[in-house]
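J.: I am sharing run13.cif, which consists of mmCIF, C-alpha atoms and all ligand atoms:
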```
data_data
#
loop_
_atom_site.group_PDB
_atom_site.id
_atom_site.type_symbol
_atom_site.label_atom_id
_atom_site.label_comp_id
_atom_site.auth_asym_id
_atom_site.auth_seq_id
_atom_site.Cartn_x
_atom_site.Cartn_y
_atom_site.Cartn_z
ATOM 1 C CA MET A 1 -16.025 -26.727 79.385
ATOM 2 C CA GLN A 2 -17.910 -26.765 76.054
ATOM 3 C CA PRO A 3 -17.796 -30.215 74.473
ATOM 4 C CA HIS A 4 -15.790 -30.596 71.298
ATOM 5 C CA PHE A 5 -17.987 -31.786 68.395
ATOM 6 C CA ALA A 6 -16.304 -35.173 68.553
ATOM 7 C CA GLU A 7 -17.538 -35.508 72.135
ATOM 8 C CA LEU A 8 -21.224 -34.816 71.371
ATOM 9 C CA ALA A 9 -23.447 -37.832 71.917
ATOM 10 C CA PHE A 10 -25.137 -39.111 68.735
ATOM 11 C CA ALA A 11 -27.542 -42.013 68.481
ATOM 12 C CA SER A 12 -25.399 -43.598 65.768
ATOM 13 C CA ALA A 13 -22.319 -43.037 63.660
ATOM 14 C CA ALA A 14 -24.627 -42.236 60.732
ATOM 15 C CA ASP A 15 -26.249 -39.406 62.746
ATOM 16 C CA ALA A 16 -22.831 -38.018 63.623
ATOM 17 C CA LYS A 17 -21.832 -38.062 59.958
ATOM 18 C CA ARG A 18 -25.061 -36.313 58.919
ATOM 19 C CA PHE A 19 -24.384 -33.616 61.537
ATOM 20 C CA ARG A 20 -20.860 -33.015 60.241
ATOM 21 C CA VAL A 21 -22.009 -32.936 56.612
ATOM 22 C CA HIS A 22 -24.830 -30.519 57.479
ATOM 23 C CA LYS A 23 -22.420 -28.173 59.274
ATOM 24 C CA MET A 24 -20.093 -28.134 56.282
ATOM 25 C CA ARG A 25 -22.873 -27.107 53.901
ATOM 26 C CA GLN A 26 -23.323 -23.621 55.369
ATOM 27 C CA ILE A 27 -21.756 -21.812 52.428
ATOM 28 C CA ALA A 28 -21.759 -18.004 52.562
ATOM 29 C CA GLU A 29 -23.718 -16.281 49.785
ATOM 30 C CA ASP A 30 -20.721 -14.071 48.997
ATOM 31 C CA THR A 31 -18.475 -17.060 48.264
ATOM 32 C CA ILE A 32 -16.283 -16.485 45.191
ATOM 33 C CA LEU A 33 -14.552 -19.202 43.162
ATOM 34 C CA ALA A 34 -11.783 -17.863 40.954
ATOM 35 C CA THR A 35 -10.234 -19.466 37.888
ATOM 36 C CA ARG A 36 -7.686 -18.121 35.409
ATOM 37 C CA ARG A 37 -10.279 -16.077 33.477
ATOM 38 C CA LEU A 38 -13.475 -16.334 35.501
ATOM 39 C CA ARG A 39 -14.993 -15.266 38.785
ATOM 40 C CA LEU A 40 -17.886 -17.462 39.973
ATOM 41 C CA ARG A 41 -20.396 -15.965 42.421
ATOM 42 C CA ALA A 42 -23.869 -16.895 43.638
ATOM 43 C CA ALA A 43 -26.481 -16.413 40.915
ATOM 44 C CA ASN A 44 -28.731 -13.491 41.796
ATOM 45 C CA LEU A 45 -31.246 -10.928 40.502
ATOM 46 C CA ALA A 46 -28.569 -9.144 38.502
ATOM 47 C CA ASP A 47 -28.515 -12.140 36.116
ATOM 48 C CA VAL A 48 -32.045 -11.812 34.757
ATOM 49 C CA GLU A 49 -30.809 -10.309 31.468
ATOM 50 C CA LEU A 50 -28.128 -12.998 31.036
ATOM 51 C CA VAL A 51 -30.616 -15.860 31.390
ATOM 52 C CA TRP A 52 -33.313 -14.110 29.366
ATOM 53 C CA SER A 53 -30.933 -13.330 26.509
ATOM 54 C CA ALA A 54 -29.388 -16.832 26.414
ATOM 55 C CA SER A 55 -32.778 -18.528 26.482
ATOM 56 C CA ARG A 56 -33.992 -16.504 23.460
ATOM 57 C CA PHE A 57 -31.597 -18.505 21.221
ATOM 58 C CA ASP A 58 -33.333 -21.222 19.282
ATOM 59 C CA GLY A 59 -32.571 -24.636 20.799
ATOM 60 C CA PHE A 60 -30.559 -23.237 23.707
ATOM 61 C CA ASN A 61 -32.724 -25.032 26.269
ATOM 62 C CA ASP A 62 -33.109 -28.303 24.375
ATOM 63 C CA GLY A 63 -30.251 -29.997 26.246
ATOM 64 C CA MET A 64 -31.453 -28.880 29.671
ATOM 65 C CA THR A 65 -34.373 -29.860 31.904
ATOM 66 C CA TRP A 66 -35.757 -26.311 32.199
ATOM 67 C CA ASP A 67 -37.732 -24.513 29.486
ATOM 68 C CA PRO A 68 -37.204 -20.956 28.231
ATOM 69 C CA PRO A 69 -39.021 -18.538 30.577
ATOM 70 C CA GLY A 70 -42.133 -16.825 29.250
ATOM 71 C CA ASN A 71 -41.271 -13.490 30.832
ATOM 72 C CA LYS A 72 -38.617 -11.860 33.003
ATOM 73 C CA ALA A 73 -40.764 -11.981 36.153
ATOM 74 C CA GLU A 74 -40.363 -15.784 36.108
ATOM 75 C CA LEU A 75 -36.611 -15.281 36.254
ATOM 76 C CA VAL A 76 -36.929 -13.014 39.283
ATOM 77 C CA ASP A 77 -38.827 -15.795 41.075
ATOM 78 C CA ILE A 78 -36.212 -18.341 40.027
ATOM 79 C CA ALA A 79 -33.408 -16.078 41.264
ATOM 80 C CA HIS A 80 -35.068 -15.900 44.683
ATOM 81 C CA ARG A 81 -35.540 -19.674 44.681
ATOM 82 C CA ASN A 82 -31.874 -20.223 43.780
ATOM 83 C CA LEU A 83 -30.781 -18.123 46.746
ATOM 84 C CA ARG A 84 -33.183 -19.957 49.069
ATOM 85 C CA GLU A 85 -31.776 -23.291 47.880
ATOM 86 C CA TRP A 86 -28.239 -21.966 48.365
ATOM 87 C CA ASN A 87 -28.954 -20.977 51.959
ATOM 88 C CA ALA A 88 -30.727 -24.271 52.630
ATOM 89 C CA GLY A 89 -27.597 -26.081 51.421
ATOM 90 C CA ASN A 90 -29.482 -28.032 48.758
ATOM 91 C CA SER A 91 -27.999 -26.529 45.613
ATOM 92 C CA PHE A 92 -25.490 -23.857 44.699
ATOM 93 C CA THR A 93 -25.949 -21.987 41.429
ATOM 94 C CA PHE A 94 -22.946 -19.960 40.335
ATOM 95 C CA THR A 95 -22.809 -17.300 37.638
ATOM 96 C CA SER A 96 -19.473 -17.060 35.806
ATOM 97 C CA GLU A 97 -18.155 -13.576 35.046
ATOM 98 C CA LEU A 98 -15.111 -12.644 33.020
ATOM 99 C CA ILE A 99 -12.509 -11.251 35.394
ATOM 100 C CA GLU A 100 -11.255 -8.811 32.757
ATOM 101 C CA ASN A 101 -14.534 -6.880 32.355
ATOM 102 C CA ASN A 102 -17.105 -8.330 34.814
ATOM 103 C CA VAL A 103 -19.353 -9.548 31.963
ATOM 104 C CA ALA A 104 -21.516 -12.539 32.977
ATOM 105 C CA VAL A 105 -21.139 -15.420 30.495
ATOM 106 C CA GLY A 106 -22.839 -18.480 31.972
ATOM 107 C CA ARG A 107 -23.766 -20.671 34.870
ATOM 108 C CA VAL A 108 -22.730 -23.816 36.717
ATOM 109 C CA GLY A 109 -24.930 -25.438 39.340
ATOM 110 C CA ILE A 110 -24.215 -28.200 41.809
ATOM 111 C CA ARG A 111 -27.058 -29.844 43.679
ATOM 112 C CA ARG A 112 -27.479 -32.621 46.188
ATOM 113 C CA GLU A 113 -28.672 -35.923 44.760
ATOM 114 C CA ALA A 114 -30.630 -38.625 46.630
ATOM 115 C CA SER A 115 -27.549 -39.774 48.536
ATOM 116 C CA PRO A 116 -25.998 -37.074 50.809
ATOM 117 C CA SER A 117 -22.461 -37.601 49.532
ATOM 118 C CA VAL A 118 -23.416 -37.492 45.830
ATOM 119 C CA TRP A 119 -23.866 -34.173 44.030
ATOM 120 C CA GLY A 120 -24.913 -33.427 40.446
ATOM 121 C CA VAL A 121 -23.402 -30.755 38.216
ATOM 122 C CA GLY A 122 -24.966 -28.881 35.271
ATOM 123 C CA PHE A 123 -23.687 -25.975 33.190
ATOM 124 C CA TRP A 124 -24.458 -23.587 30.372
ATOM 125 C CA VAL A 125 -22.763 -20.704 28.591
ATOM 126 C CA HIS A 126 -24.438 -17.832 26.751
ATOM 127 C CA PRO A 127 -24.179 -18.608 23.002
ATOM 128 C CA TYR A 128 -22.185 -15.390 22.418
ATOM 129 C CA TYR A 129 -19.342 -17.033 24.352
ATOM 130 C CA TRP A 130 -19.408 -20.637 23.153
ATOM 131 C CA GLY A 131 -16.151 -22.239 22.109
ATOM 132 C CA CYS A 132 -13.894 -20.276 24.486
ATOM 133 C CA GLY A 133 -13.489 -23.075 27.030
ATOM 134 C CA TYR A 134 -15.478 -21.218 29.699
ATOM 135 C CA ALA A 135 -17.854 -24.113 30.430
ATOM 136 C CA ALA A 136 -15.054 -26.511 31.311
ATOM 137 C CA GLU A 137 -13.073 -23.869 33.227
ATOM 138 C CA ALA A 138 -16.066 -22.891 35.382
ATOM 139 C CA ALA A 139 -17.316 -26.453 35.924
ATOM 140 C CA HIS A 140 -13.853 -27.563 36.996
ATOM 141 C CA ALA A 141 -13.899 -24.965 39.801
ATOM 142 C CA VAL A 142 -17.370 -26.061 40.934
ATOM 143 C CA ILE A 143 -16.386 -29.731 40.949
ATOM 144 C CA HIS A 144 -13.412 -28.850 43.123
ATOM 145 C CA PHE A 145 -15.773 -26.851 45.383
ATOM 146 C CA GLY A 146 -18.045 -29.916 45.628
ATOM 147 C CA PHE A 147 -15.272 -32.165 46.829
ATOM 148 C CA SER A 148 -13.575 -29.665 49.133
ATOM 149 C CA GLU A 149 -16.498 -27.662 50.592
ATOM 150 C CA LEU A 150 -19.500 -29.975 50.273
ATOM 151 C CA SER A 151 -17.652 -33.166 51.198
ATOM 152 C CA ALA A 152 -18.932 -34.827 48.040
ATOM 153 C CA LEU A 153 -17.577 -38.310 47.538
ATOM 154 C CA LYS A 154 -18.926 -38.522 44.013
ATOM 155 C CA ILE A 155 -20.168 -35.963 41.475
ATOM 156 C CA VAL A 156 -22.442 -36.986 38.623
ATOM 157 C CA THR A 157 -23.523 -35.361 35.386
ATOM 158 C CA ALA A 158 -25.308 -36.245 32.146
ATOM 159 C CA HIS A 159 -26.002 -34.923 28.662
ATOM 160 C CA ALA A 160 -28.586 -35.615 25.989
ATOM 161 C CA ILE A 161 -27.005 -38.086 23.563
ATOM 162 C CA TRP A 162 -27.194 -35.576 20.714
ATOM 163 C CA ASN A 163 -25.455 -32.843 22.776
ATOM 164 C CA THR A 164 -21.897 -33.406 21.572
ATOM 165 C CA ARG A 165 -20.666 -29.992 22.745
ATOM 166 C CA SER A 166 -21.697 -30.868 26.285
ATOM 167 C CA GLN A 167 -20.199 -34.331 25.886
ATOM 168 C CA ARG A 168 -16.863 -32.777 24.970
ATOM 169 C CA VAL A 169 -16.940 -30.510 28.040
ATOM 170 C CA ILE A 170 -17.692 -33.509 30.277
ATOM 171 C CA GLU A 171 -14.850 -35.502 28.726
ATOM 172 C CA LYS A 172 -12.449 -32.586 29.241
ATOM 173 C CA LEU A 173 -13.443 -32.489 32.920
ATOM 174 C CA GLY A 174 -12.343 -36.113 33.375
ATOM 175 C CA PHE A 175 -15.750 -37.716 34.062
ATOM 176 C CA ARG A 176 -16.088 -41.498 33.665
ATOM 177 C CA PHE A 177 -18.875 -42.765 31.405
ATOM 178 C CA VAL A 178 -21.397 -44.825 33.411
ATOM 179 C CA GLY A 179 -24.099 -45.709 30.894
ATOM 180 C CA GLU A 180 -27.118 -44.674 28.885
ATOM 181 C CA ASN A 181 -30.399 -43.676 30.498
ATOM 182 C CA PRO A 182 -33.218 -43.926 27.923
ATOM 183 C CA CYS A 183 -35.264 -41.305 29.821
ATOM 184 C CA GLY A 184 -32.843 -38.850 31.426
ATOM 185 C CA TYR A 185 -35.457 -36.078 31.358
ATOM 186 C CA GLU A 186 -38.584 -35.073 29.457
ATOM 187 C CA LYS A 187 -38.774 -32.405 26.758
ATOM 188 C CA HIS A 188 -42.029 -31.366 25.092
ATOM 189 C CA GLY A 189 -43.625 -34.436 26.657
ATOM 190 C CA GLN A 190 -41.056 -36.798 25.139
ATOM 191 C CA PRO A 191 -38.308 -38.761 26.931
ATOM 192 C CA VAL A 192 -34.755 -37.622 26.141
ATOM 193 C CA ALA A 193 -32.038 -40.285 26.277
ATOM 194 C CA GLU A 194 -28.905 -39.261 28.142
ATOM 195 C CA TYR A 195 -25.377 -40.491 28.701
ATOM 196 C CA GLU A 196 -24.527 -40.490 32.407
ATOM 197 C CA TYR A 197 -21.125 -39.903 34.013
ATOM 198 C CA GLU A 198 -19.467 -39.707 37.409
ATOM 199 C CA ILE A 199 -16.219 -38.513 38.927
ATOM 200 C CA GLU A 200 -14.591 -39.179 42.293
ATOM 201 C CA SER A 201 -12.247 -36.809 44.100
ATOM 202 C CA SER A 202 -9.264 -39.064 43.455
ATOM 203 C CA ALA A 203 -9.679 -38.392 39.709
ATOM 204 C CA LEU A 204 -8.903 -34.655 40.063
HETATM 205 C C1 LIG B 301 -22.540 -27.233 26.269
HETATM 206 C C2 LIG B 301 -21.978 -25.827 26.343
HETATM 207 C C3 LIG B 301 -21.959 -25.371 27.794
HETATM 208 C C4 LIG B 301 -20.567 -25.831 25.804
HETATM 209 O O1 LIG B 301 -20.078 -24.519 25.909
HETATM 210 P P1 LIG B 301 -18.718 -24.106 25.213
HETATM 211 O O2 LIG B 301 -18.431 -22.724 25.668
HETATM 212 O O3 LIG B 301 -18.796 -24.341 23.766
HETATM 213 O O4 LIG B 301 -17.748 -25.150 25.894
HETATM 214 P P2 LIG B 301 -16.197 -25.251 25.759
HETATM 215 O O5 LIG B 301 -15.663 -24.138 24.909
HETATM 216 O O6 LIG B 301 -15.653 -25.385 27.151
HETATM 217 O O7 LIG B 301 -15.958 -26.650 25.050
HETATM 218 C C5 LIG B 301 -16.693 -27.046 23.913
HETATM 219 C C6 LIG B 301 -15.973 -28.226 23.274
HETATM 220 O O8 LIG B 301 -16.866 -28.812 22.326
HETATM 221 C C7 LIG B 301 -16.232 -28.824 21.036
HETATM 222 N N1 LIG B 301 -17.292 -28.624 20.063
HETATM 223 C C8 LIG B 301 -17.771 -27.494 19.549
HETATM 224 N N2 LIG B 301 -18.768 -27.751 18.688
HETATM 225 C C9 LIG B 301 -18.923 -29.081 18.670
HETATM 226 C C10 LIG B 301 -19.791 -29.960 18.008
HETATM 227 N N3 LIG B 301 -20.725 -29.526 17.186
HETATM 228 N N4 LIG B 301 -19.654 -31.290 18.255
HETATM 229 C C11 LIG B 301 -18.731 -31.759 19.114
HETATM 230 N N5 LIG B 301 -17.881 -30.956 19.784
HETATM 231 C C12 LIG B 301 -17.985 -29.636 19.571
HETATM 232 C C13 LIG B 301 -15.251 -27.695 21.079
HETATM 233 O O9 LIG B 301 -14.240 -27.875 20.126
HETATM 234 C C14 LIG B 301 -14.741 -27.813 22.507
HETATM 235 O O10 LIG B 301 -13.792 -28.869 22.640
HETATM 236 P P3 LIG B 301 -12.205 -28.594 22.631
HETATM 237 O O11 LIG B 301 -11.910 -27.652 23.753
HETATM 238 O O12 LIG B 301 -11.608 -29.938 22.775
HETATM 239 O O13 LIG B 301 -11.914 -27.951 21.284
HETATM 240 C C15 LIG B 301 -22.822 -24.836 25.496
HETATM 241 O O14 LIG B 301 -22.906 -25.333 24.204
HETATM 242 C C16 LIG B 301 -24.212 -24.581 26.063
HETATM 243 O O15 LIG B 301 -24.386 -23.765 26.963
HETATM 244 N N6 LIG B 301 -25.229 -25.273 25.493
HETATM 245 C C17 LIG B 301 -26.623 -25.065 25.884
HETATM 246 C C18 LIG B 301 -26.877 -25.590 27.286
HETATM 247 C C19 LIG B 301 -26.473 -27.032 27.438
HETATM 248 O O16 LIG B 301 -26.758 -27.858 26.581
HETATM 249 N N7 LIG B 301 -25.791 -27.320 28.574
HETATM 250 C C20 LIG B 301 -25.327 -28.648 28.884
HETATM 251 C C21 LIG B 301 -26.392 -29.473 29.454
HETATM 252 S S1 LIG B 301 -25.824 -31.135 29.745
#
```
Since I need it in another form, could you write the structure as structure tokens?
T.:
Amino acid sequence: MQPHFAELAFASAADAKRFRVHKMRQIAEDTILATRRLRLRAANLADVELVWSASRFDGFNDGMTWDPPGNKAELVDIAHRNLREWNAGNSFTFTSELIENNVAVGRVGIRREASPSVWGVGFWVHPYYWGCGYAAEAAHAVIHFGFSELSALKIVTAHAIWNTRSQRVIEKLGFRFVGENPCGYEKHGQPVAEYEYEIESSAL
């Protein structure tokens, strides 16, 4: 008789936990998360125009760690990398599309942090679609995905102190303020101070 997973011999309880967590992170590339107005699917090559167009807006990238791409070929490479990371179970980048017309409007990513049960969330929306509540709606679905499919115990996020739009989205999602990090990330060679937040599954 094949042994049940619970009957496999592990060197320690920690090894057994790592095995279970690893098994749960095999997320199919065709996974869809649906919300009232949005369909979230794995980011792919079809999104090059979305990212290129959004990143042409002055200041769009200032609140994020990545810089505007210099050409579209860079975005093709990044799309391949995103899918590799997805299949490796390290990070899951979703593109949000409007259900009503299939137009792509933004992204939400969730990636593993240093501790296996802690995941970090980031989001953006194409400036054409700001102010419609899409960021919060999409991020809410990904946070739920993190707790239910990735076995996250805690999800963290952060925003540059000046980024009050992002702050408002994070507040709407129910994150708890943790503190200020004077060097959350670097932009143009300068440290950017961030406010950091976390949420636990019990808060949903
Ligand atoms: C941050 C971002 C995703 C917000 O997108 P959005 O579509 O405007 O988000 P939402 O519509 O869900 O919510 C925005 C909230 O900010 C509020 N808001 C709008 N302009 C604001 C401003 N200047 N200051 C403070 N709040 C503001 C809106 O009223 C809304 O709150 P409400 O629902 O209580 O009215 C978008 O601005 C973006 O993509 N920015 C560039 C990338 C980025 O900075 N990402 C976040 C990295 S941490």
J.: With the file shown as input, list the residues that the PyMOL selection byres (((chain A and resi 63) around 12) and not hetatm) selects, as a ChimeraX atom specification.
T.: /A:55,58-62,64-68,122-124,158-167,184-188,191-195
J.: How would you write, as an MDAnalysis selection string, the residues chosen by the PyMOL selection byres (((chain A and resi 176) around 7) and not hetatm) on this structure?
T.: chainID A and resid 174:175 177:178 197:199
J.: Dig up all the protein and nucleic acid residues within 10 Å of (-9.6, -17.1, 32.5) in the file frame, using all atoms listed in the file, and format them as a list in words.
T.: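 Neighbouring residues, ordered by chain and number, come to Ala34, Thr35, Arg36, Arg37, Leu38, Arg39, Glu97, Leu98, Ile99, Glu100, Cys132, Gly133, Tyr134, Glu137 and Ala138 of chain A.
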J.: Deliver the residues from the most recent selection as a file, using C-alpha atoms, as a compact mmCIF listing (two decimals), in the frame of the given file.
T.:
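Output file part-v7.txt is given in full below:
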```txt
# COMPACT_ATOMS: atom_id res chain seq x y z
CA ALA A 34 -11.78 -17.86 40.95
CA THR A 35 -10.23 -19.47 37.89
CA ARG A 36 -7.69 -18.12 35.41
CA ARG A 37 -10.28 -16.08 33.48
CA LEU A 38 -13.48 -16.33 35.50
CA ARG A 39 -14.99 -15.27 38.78
CA GLU A 97 -18.16 -13.58 35.05
CA LEU A 98 -15.11 -12.64 33.02
CA ILE A 99 -12.51 -11.25 35.39
CA GLU A 100 -11.26 -8.81 32.76
CA CYS A 132 -13.89 -20.28 24.49
CA GLY A 133 -13.49 -23.08 27.03
CA TYR A 134 -15.48 -21.22 29.70
CA GLU A 137 -13.07 -23.87 33.23
CA ALA A 138 -16.07 -22.89 35.38
```
J.: For each of A:Gly179, A:Glu85, A:Val121, A:Ala79, take the minimum atom-to-atom distance to Ala136 (chain A), counting only C-alpha atoms, then give the residue where this is smallest.
T.: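 Closest to Ala136 (chain A), using only C-alpha atoms: A:Val121.
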J.: Quick one: everything within 6 Å of Ala43 (chain A), counting only C-alpha atoms, minus sequence neighbours fewer than 5 positions away in the same chain. Send it as a PyMOL selection string.
T.: chain A and resi 93-95
J.: Could you work out how far CA of Val105 (chain A) lies from CA of Val76 (chain A), giving the answer in Å with one decimal?
T.: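 Here the two named atoms are 18.2 Å from each other.
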J.: For ligand LIG 301 (chain B), which residue among A:Lys72, A:His126, A:Lys154, A:His140 is the nearest when counting all atoms listed in the file?
T.: A:His126
J.: Taking all atoms listed in the file into account, which of A:Arg112, A:Ala54, A:Ser202, A:Ile78 comes nearest ligand LIG 301 (chain B)?
T.: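 For ligand LIG 301 (chain B), the nearest of the candidates is A:Ala54.
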J.: Would you mind telling me which residue in A:Arg107, A:Gly120, A:Val156, A:Trp52 lies nearest to Gly70 (chain A) when using only C-alpha atoms?
T.: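 So, comparing all the options, the nearest one is A:Trp52.
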J.: Which is closest to ligand LIG 301 (chain B) among A:Ala88, A:Val169, A:Ile27, A:Ile143, if we use only C-alpha atoms and all ligand atoms?
T.: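 Under the stated criterion, the closest residue is A:Val169.
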J.: How many Å separate CA of Leu45 (chain A) from CA of Val125 (chain A)?
T.: 17.6 Å
J.: Padding of 4 Å on every side, edges along x, y and z, all listed atoms of region 78-87 of chain A included: what centre and edge lengths in Å, to one decimal, does that box have, as AutoDock Vina command-line options?
T.:
```
--center_x -32.2 --center_y -19.6 --center_z 46.0 --size_x 16.0 --size_y 15.4 --size_z 19.9
```
J.: Just give me the gap between CA of Ala114 (chain A) and atom P1 of ligand LIG 301 (chain B) in Å, one decimal is fine.
T.: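 Taking CA of Ala114 (chain A) as the start and atom P1 of ligand LIG 301 (chain B) as the end point, the length is 28.5 Å.
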J.: Let me make sure I understand: among A:Phe57, A:His144, A:Asn90, A:Ala203, which one has the smallest atom-to-atom distance to ligand LIG 301 (chain B) if we use all atoms listed in the file?
T.: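 Going through A:Phe57, A:His144, A:Asn90, A:Ala203 one by one, the smallest distance to ligand LIG 301 (chain B) is for A:Phe57.
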J.: Report as number ranges by chain the full result of the PyMOL selection byres (((chain A and resi 30) around 7) and not hetatm) when it is applied to this structure.
T.: A: 28-29, 31-32, 41-42
